[in-house]
2 protein chains.
Amino acid sequence: MTSESPTFSPLYRQIKDLMIQALEAGEWQPGQLIPSEQEFALRFGVSQGTVRKAIDELAAENLLVRRQGKGTFVATHQDPRALFRFLRLVPVEGQLSTPESIPLECWRAKAGVEAARMLGLRQGDPIMIVRRLLRFDGKPVVIDEIYLSGEQFKGLTLELLQSWTSSLYSLFEHRFGVRMIRASESIRAVAADRSAAEALKVPEGKPLLSVERVTYTYGDKPVEWRRGLYLTDEHFYLNELN
Amino acid sequence: MTSESPTFSPLYRQIKDLMIQALEAGEWQPGQLIPSEQEFALRFGVSQGTVRKAIDELAAENLLVRRQGKGTFVATHQDPRALFRFLRLVPVEGQLSTPESIPLECWRAKAGVEAARMLGLRQGDPIMIVRRLLRFDGKPVVIDEIYLSGEQFKGLTLELLQSWTSSLYSLFEHRFGVRMIRASESIRAVAADRSAAEALKVPEGKPLLSVERVTYTYGDKPVEWRRGLYLTDEHFYLNELN
DNA sequence: AAGTGGTCTAGACCACGTC
DNA sequence: ACGTGGTCTAGACCACTTT
């Protein structure tokens, strides 16, 4: 039953890979119920425990969500709890409130050196750029500049962004079939330039968090590069080290 | 075999808790080999698979380390790979180099309001304060101010800190029997005050990352509170979001 | 050869949610 | 009552390390 290839991979991992491929191909949509463990066991001709271990890993990676008694579901950014998985911003005091997203601009452009490298594109390839503001309790806290592959986000417009009421990633998921899986953030402290100072209503030179994020979809493919400037007077970036 | 308490907990979790208690009690020292899965199964009167699941979780939480063919070991901060689990600082370009820790000061004090709250002490309880610099390739990058419960770190002196060649946490582990398990970091952007500016050799007002960390040992007990100021000209704080 | 963790199986029963 | 994921068992064999 074991593979004879030089790079040995256990059965449950092969099954996991098959399931990832199915997810990538859109065989089950975000939020949808997938077949039961028994069903998979029959389909692949293995025991339920082996399927279980594959799903365990996918659930640990937040690709699937288990619900006892109900079944296993494809994870979705529609779920409000998914928002703060990528936005690690917490108020210094008081309750965690949901931010309000205000799209400011959205335009087509050609990838520069940096954007091309980050998104795995060639220089000059079409990209989309979005500028947007996040407000907590009416106060501006984050100004984001977001770079997307023009290929995958062809129909993106400012109107579409403004009409969408829930998170950006849920829009990407539902309208463009791109699901964000994981991200890597590089954090620095910088002084506010004029543009950021205006957007956040702070004096120029004010220390801000610069949060540069590369976001990946299935197969570790980069699909978003963004730079956010965070005002950390009343909020901070919370990181749990385990 | 299942507990009859209102808050039901599966067998493997009860075994996990027993193992945590043993670790906390120092039954096996950091780096040491613990008994085999079979041994535990006999000892607790359960099957090997149940012990396995308990150890799986402890390994996922970095309390234990599995090594196929050899056995399972108590995790240790002596391991150089453990260093960057808590220090998420990466050079903008070039290889990751190991920092040099330079203890500057170490003194006894009484806990103020904030330190007491963070460390779970009463105001006025004895604490130890350490100031130290981190240098990468000879350049100052981080200035840390570290607050420790005076109770647990009674014999800590500047001389001891200066004579210790590996990481702080490995010192705490070996000399004071305190093992750091997890931490929570709050990150802000601030302007360098005079003291930080001098230590890092930058102008006053320079934007710096302020990284406030509370570190916990077994049983989620806070034992360290520190504030680090990071110079992010040639390094950045790297955070993987999964 | 012996011991360890790693994988896989088949079957039992429990806890949870829905019909 | 039924189907789902969650726990637990007993036993087999594989992969890795040491003796």
# chains A, B, ... in the order shown; residues from 1 in each chain; ligands from 1
>>> residues_around(residues="DT17 of chain D", least_positions_apart="5", cutoff="12 Å", atoms="only C-alpha atoms (C1' of nucleotides)", output="PyMOL selection string")
(chain B and resi 67-71) or (chain C and resi 2-5)
>>> select_by_dssp(residues="segment 127-180 of chain A", states="strand (DSSP E or B)", output="list in words")
Ile127, Met128, Ile129, Val130, Arg131, Arg132, Leu133, Leu134, Arg135, Phe136, Lys139, Pro140, Val141, Val142, Ile143, Asp144, Glu145, Ile146, Tyr147, Leu148 and Ser149 of chain A
>>> write_last_selection(atoms="N, CA, C and O atoms", output="CSV table (one decimal), in the first residue's frame")
chain,number,residue,atom,x,y,z
A,127,ILE,N,-1.9,44.4,-13.1
A,127,ILE,CA,-2.3,44.2,-11.7
A,127,ILE,C,-3.4,45.2,-11.4
A,127,ILE,O,-3.7,46.1,-12.2
A,128,MET,N,-4.0,45.0,-10.3
A,128,MET,CA,-5.0,45.9,-9.7
A,128,MET,C,-4.5,46.5,-8.4
A,128,MET,O,-3.8,45.7,-7.7
A,129,ILE,N,-4.7,47.7,-8.2
A,129,ILE,CA,-4.3,48.4,-7.0
A,129,ILE,C,-5.5,49.0,-6.3
A,129,ILE,O,-6.4,49.6,-6.9
A,130,VAL,N,-5.6,48.7,-5.0
A,130,VAL,CA,-6.8,49.2,-4.2
A,130,VAL,C,-6.2,50.0,-3.0
A,130,VAL,O,-5.3,49.5,-2.4
A,131,ARG,N,-6.8,51.1,-2.8
A,131,ARG,CA,-6.5,51.8,-1.6
A,131,ARG,C,-7.7,51.9,-0.7
A,131,ARG,O,-8.8,52.2,-1.2
A,132,ARG,N,-7.6,51.6,0.6
A,132,ARG,CA,-8.8,51.6,1.4
A,132,ARG,C,-8.4,51.9,2.8
A,132,ARG,O,-7.3,51.7,3.3
A,133,LEU,N,-9.4,52.4,3.6
A,133,LEU,CA,-9.2,52.9,4.9
A,133,LEU,C,-10.0,51.9,5.8
A,133,LEU,O,-11.1,51.5,5.5
A,134,LEU,N,-9.4,51.6,7.0
A,134,LEU,CA,-10.2,50.9,8.0
A,134,LEU,C,-10.5,51.9,9.2
A,134,LEU,O,-9.6,52.5,9.7
A,135,ARG,N,-11.7,51.9,9.6
A,135,ARG,CA,-12.1,52.7,10.7
A,135,ARG,C,-12.7,51.9,11.8
A,135,ARG,O,-13.5,51.0,11.6
A,136,PHE,N,-12.2,52.2,13.1
A,136,PHE,CA,-12.8,51.5,14.3
A,136,PHE,C,-13.6,52.6,15.0
A,136,PHE,O,-13.0,53.6,15.4
A,139,LYS,N,-13.1,56.1,13.9
A,139,LYS,CA,-11.8,56.7,13.8
A,139,LYS,C,-10.9,55.9,12.8
A,139,LYS,O,-10.8,54.7,12.8
A,140,PRO,N,-10.2,56.7,11.9
A,140,PRO,CA,-9.3,56.0,11.0
A,140,PRO,C,-8.1,55.4,11.7
A,140,PRO,O,-7.5,56.0,12.6
A,141,VAL,N,-7.8,54.1,11.4
A,141,VAL,CA,-6.8,53.4,12.1
A,141,VAL,C,-5.8,52.7,11.1
A,141,VAL,O,-4.6,52.6,11.4
A,142,VAL,N,-6.3,52.3,10.0
A,142,VAL,CA,-5.4,51.6,9.0
A,142,VAL,C,-5.6,52.1,7.6
A,142,VAL,O,-6.8,52.3,7.2
A,143,ILE,N,-4.5,52.4,6.9
A,143,ILE,CA,-4.6,52.7,5.5
A,143,ILE,C,-3.9,51.6,4.8
A,143,ILE,O,-2.7,51.4,5.0
A,144,ASP,N,-4.6,51.0,3.8
A,144,ASP,CA,-4.0,49.8,3.1
A,144,ASP,C,-3.8,50.2,1.7
A,144,ASP,O,-4.7,50.8,1.0
A,145,GLU,N,-2.7,49.7,1.1
A,145,GLU,CA,-2.6,49.7,-0.3
A,145,GLU,C,-2.4,48.2,-0.8
A,145,GLU,O,-1.5,47.5,-0.3
A,146,ILE,N,-3.3,47.8,-1.7
A,146,ILE,CA,-3.4,46.3,-1.9
A,146,ILE,C,-3.1,46.1,-3.4
A,146,ILE,O,-3.7,46.7,-4.3
A,147,TYR,N,-2.2,45.1,-3.7
A,147,TYR,CA,-1.8,44.8,-5.0
A,147,TYR,C,-2.3,43.4,-5.4
A,147,TYR,O,-2.0,42.4,-4.6
A,148,LEU,N,-3.0,43.3,-6.5
A,148,LEU,CA,-3.6,42.0,-6.9
A,148,LEU,C,-3.2,41.6,-8.3
A,148,LEU,O,-3.1,42.5,-9.1
A,149,SER,N,-3.1,40.4,-8.6
A,149,SER,CA,-2.9,40.0,-10.0
A,149,SER,C,-4.1,40.4,-10.8
A,149,SER,O,-5.2,40.0,-10.5
>>> closest_atom_pairs(of="chain C", to="chain A", cutoff="9 Å", atoms="only C-alpha atoms (C1' of nucleotides)", output="tab-separated table")
residue	atom	partner	partner_atom	distance
C:DT7	C1'	A:Pro10	CA	7.1
C:DC8	C1'	A:Thr50	CA	7.0
C:DT9	C1'	A:Ser47	CA	6.4
C:DA10	C1'	A:Ser47	CA	8.0
C:DA15	C1'	A:Gly69	CA	8.1
C:DC16	C1'	A:Gly69	CA	4.7
C:DG17	C1'	A:Gly69	CA	4.9
C:DT18	C1'	A:Lys70	CA	8.3
>>> interface_residues(of="chain D", to="chain A", cutoff="12 Å", atoms="only C-alpha atoms (C1' of nucleotides)", output="list in words")
DC2, DG3, DT4, DG5, DG6, DT7, DC13, DC14 and DA15 of chain D
>>> interface_residues(of="chain B", to="chain A", cutoff="12 Å", atoms="only C-alpha atoms", output="PyMOL selection string")
chain B and resi 49+53+57-63+82+84-92+180-192+205-217+220+229-242
>>> residues_around(residues="Leu168 of chain A", least_positions_apart="4", cutoff="12 Å", atoms="only C-alpha atoms (C1' of nucleotides)", output="PyMOL selection string")
chain A and resi 77-78+80+82-83+86-87+99-103+130+132+134+144+146+156+160-164+172-176+178-180+224
>>> atom_distance(atom1="atom CA of Thr157 of chain B", atom2="atom CA of Leu23 of chain B")
26.9 Å
>>> atom_distance(atom1="atom CA of Gln14 of chain B", atom2="atom C1' of DA10 of chain D")
21.1 Å
